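K.L.:
Take this structure first; my questions come after.
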Amino acid sequence: MKLVNIGSGNMVAAERIVTILTPESAPIKRIIQDAKEQRVLIDATMGRKTKTVIVTDSHHIILCYLSYEKLAARVSDCAVEFLEEDDE
């Protein structure tokens, strides 16, 4: 299992990430509110501004303060490692 650092020592299993979204649009804001009501929202912003929203395969929503580009790069680095392990 590969873990992705989402900031401040918080980690997420890379294979559980379904998508990474930006929180500006109204539909994403509704997803965040629904997750809060259903108690599946994880706030990993450490009090900072939310810049990305991570959706997992278990339908948990994770708020993150890292930029979309930085987080996507970290996740794709893990994907490359997955492919290299499969080749061996």
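In the structure tokens, the first chain shown is A, the next is B, and so on; residue numbers restart at 1 for each chain, and ligands run from 1 in the order shown.
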Just want the 12 Å neighbourhood of A:Glu69, counted on only C-alpha atoms, with same-chain residues fewer than 4 positions away dropped. Output as number ranges by chain.
P.N.:
A: 20-22, 51-52, 65, 73-76
K.L.:
Would you pick out the contacts of A:Glu24 at 12 Å or less, using only C-alpha atoms, so that residues sharing its chain but fewer than 3 positions from it are not included, and give the list as JSON, numbers by chain?
P.N.:
{"A": [21, 27, 28, 29, 30, 31, 32, 49, 50, 51, 52, 53]}
K.L.:
Generate the output file for the selected residues, N, CA, C and O atoms, as an mmCIF file, in the first residue's frame.
P.N.:
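Written file, again.cif:
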data_model
loop_
_atom_site.group_PDB
_atom_site.id
_atom_site.type_symbol
_atom_site.label_atom_id
_atom_site.label_comp_id
_atom_site.auth_asym_id
_atom_site.auth_seq_id
_atom_site.Cartn_x
_atom_site.Cartn_y
_atom_site.Cartn_z
ATOM 1 N N LEU A 21 -10.597 17.150 -6.584
ATOM 2 C CA LEU A 21 -11.403 18.239 -7.124
ATOM 3 C C LEU A 21 -11.017 19.573 -6.500
ATOM 4 O O LEU A 21 -10.418 19.606 -5.430
ATOM 5 N N PRO A 27 -21.667 22.519 -6.932
ATOM 6 C CA PRO A 27 -21.865 21.085 -6.702
ATOM 7 C C PRO A 27 -20.855 20.482 -5.707
ATOM 8 O O PRO A 27 -21.225 19.629 -4.895
ATOM 9 N N ILE A 28 -19.615 20.949 -5.764
ATOM 10 C CA ILE A 28 -18.614 20.431 -4.833
ATOM 11 C C ILE A 28 -18.924 20.910 -3.415
ATOM 12 O O ILE A 28 -18.777 20.160 -2.445
ATOM 13 N N LYS A 29 -19.383 22.142 -3.290
ATOM 14 C CA LYS A 29 -19.772 22.655 -1.975
ATOM 15 C C LYS A 29 -20.925 21.844 -1.400
ATOM 16 O O LYS A 29 -20.973 21.581 -0.201
ATOM 17 N N ARG A 30 -21.861 21.417 -2.259
ATOM 18 C CA ARG A 30 -22.966 20.563 -1.801
ATOM 19 C C ARG A 30 -22.448 19.191 -1.374
ATOM 20 O O ARG A 30 -22.907 18.620 -0.384
ATOM 21 N N ILE A 31 -21.488 18.645 -2.126
ATOM 22 C CA ILE A 31 -20.889 17.354 -1.751
ATOM 23 C C ILE A 31 -20.238 17.462 -0.376
ATOM 24 O O ILE A 31 -20.394 16.573 0.465
ATOM 25 N N ILE A 32 -19.532 18.557 -0.130
ATOM 26 C CA ILE A 32 -18.884 18.763 1.165
ATOM 27 C C ILE A 32 -19.928 18.853 2.268
ATOM 28 O O ILE A 32 -19.793 18.227 3.331
ATOM 29 N N LYS A 49 -6.913 27.319 4.425
ATOM 30 C CA LYS A 49 -7.929 27.363 3.383
ATOM 31 C C LYS A 49 -7.941 26.057 2.590
ATOM 32 O O LYS A 49 -6.890 25.537 2.217
ATOM 33 N N THR A 50 -9.133 25.541 2.326
ATOM 34 C CA THR A 50 -9.277 24.320 1.531
ATOM 35 C C THR A 50 -8.994 24.632 0.068
ATOM 36 O O THR A 50 -9.634 25.488 -0.527
ATOM 37 N N LYS A 51 -8.000 23.929 -0.504
ATOM 38 C CA LYS A 51 -7.662 24.128 -1.916
ATOM 39 C C LYS A 51 -8.023 22.920 -2.767
ATOM 40 O O LYS A 51 -8.186 23.040 -3.977
ATOM 41 N N THR A 52 -8.112 21.733 -2.140
ATOM 42 C CA THR A 52 -8.501 20.537 -2.885
ATOM 43 C C THR A 52 -9.449 19.680 -2.053
ATOM 44 O O THR A 52 -9.430 19.709 -0.827
ATOM 45 N N VAL A 53 -10.253 18.912 -2.762
ATOM 46 C CA VAL A 53 -11.192 17.977 -2.150
ATOM 47 C C VAL A 53 -10.876 16.605 -2.729
ATOM 48 O O VAL A 53 -10.865 16.429 -3.950
#
K.L.:
Hey, which of A:Leu3, A:Val55, A:Thr45, A:Asn10 ends up closest to A:Ser67? Count only C-alpha atoms.
P.N.:
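Closest to A:Ser67 of all the choices is A:Thr45.
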K.L.:
Near A:Val12, within 9 Å and counting only C-alpha atoms, which residues show up once chain neighbours fewer than 5 positions away are dropped, as an MDAnalysis selection string?
P.N.:
chainID A and resid 2:6 17
K.L.:
Could you give me, as a list in words, the residues within 9 Å of A:Met1, counting only C-alpha atoms and dropping anything in the same chain fewer than 3 positions from it?
P.N.:
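Those residues are Ala13, Ala14 and Glu15 of chain A.
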K.L.:
Run DSSP on the backbone and grab whatever in chain A lands in helix (DSSP H, G or I); send it over as number ranges by chain.
P.N.:
A: 14-16, 26-38, 68-87
K.L.:
May I have the selected residues written with C-alpha atoms, as a short mmCIF file (atom, residue, chain, number, x, y, z; two decimals), in the first residue's frame?
P.N.:
data_model
loop_
_atom_site.label_atom_id
_atom_site.label_comp_id
_atom_site.auth_asym_id
_atom_site.auth_seq_id
_atom_site.Cartn_x
_atom_site.Cartn_y
_atom_site.Cartn_z
CA ALA A 14 -3.10 6.22 -2.97
CA GLU A 15 -5.15 3.31 -4.30
CA ARG A 16 -8.24 4.55 -2.40
CA ALA A 26 -21.55 24.86 -6.09
CA PRO A 27 -21.87 21.08 -6.70
CA ILE A 28 -18.61 20.43 -4.83
CA LYS A 29 -19.77 22.65 -1.98
CA ARG A 30 -22.97 20.56 -1.80
CA ILE A 31 -20.89 17.35 -1.75
CA ILE A 32 -18.88 18.76 1.17
CA GLN A 33 -22.06 19.77 3.05
CA ASP A 34 -23.65 16.35 2.45
CA ALA A 35 -20.49 14.60 3.66
CA LYS A 36 -20.52 16.72 6.80
CA GLU A 37 -24.14 15.76 7.49
CA GLN A 38 -23.41 12.06 6.86
CA TYR A 68 -4.39 20.72 -6.91
CA GLU A 69 -1.15 20.60 -8.90
CA LYS A 70 1.02 19.65 -5.92
CA LEU A 71 -1.38 16.94 -4.73
CA ALA A 72 -1.86 15.53 -8.25
CA ALA A 73 1.92 15.31 -8.66
CA ARG A 74 2.25 13.38 -5.40
CA VAL A 75 -0.51 10.96 -6.41
CA SER A 76 0.96 10.42 -9.89
CA ASP A 77 4.38 9.72 -8.33
CA CYS A 78 2.71 6.89 -6.43
CA ALA A 79 1.06 5.64 -9.63
CA VAL A 80 4.45 5.40 -11.32
CA GLU A 81 5.73 3.36 -8.37
CA PHE A 82 2.71 1.01 -8.74
CA LEU A 83 3.54 0.42 -12.39
CA GLU A 84 7.22 -0.22 -11.65
CA GLU A 85 6.34 -2.80 -8.98
CA ASP A 86 3.98 -4.63 -11.36
CA ASP A 87 6.75 -4.96 -13.94
#
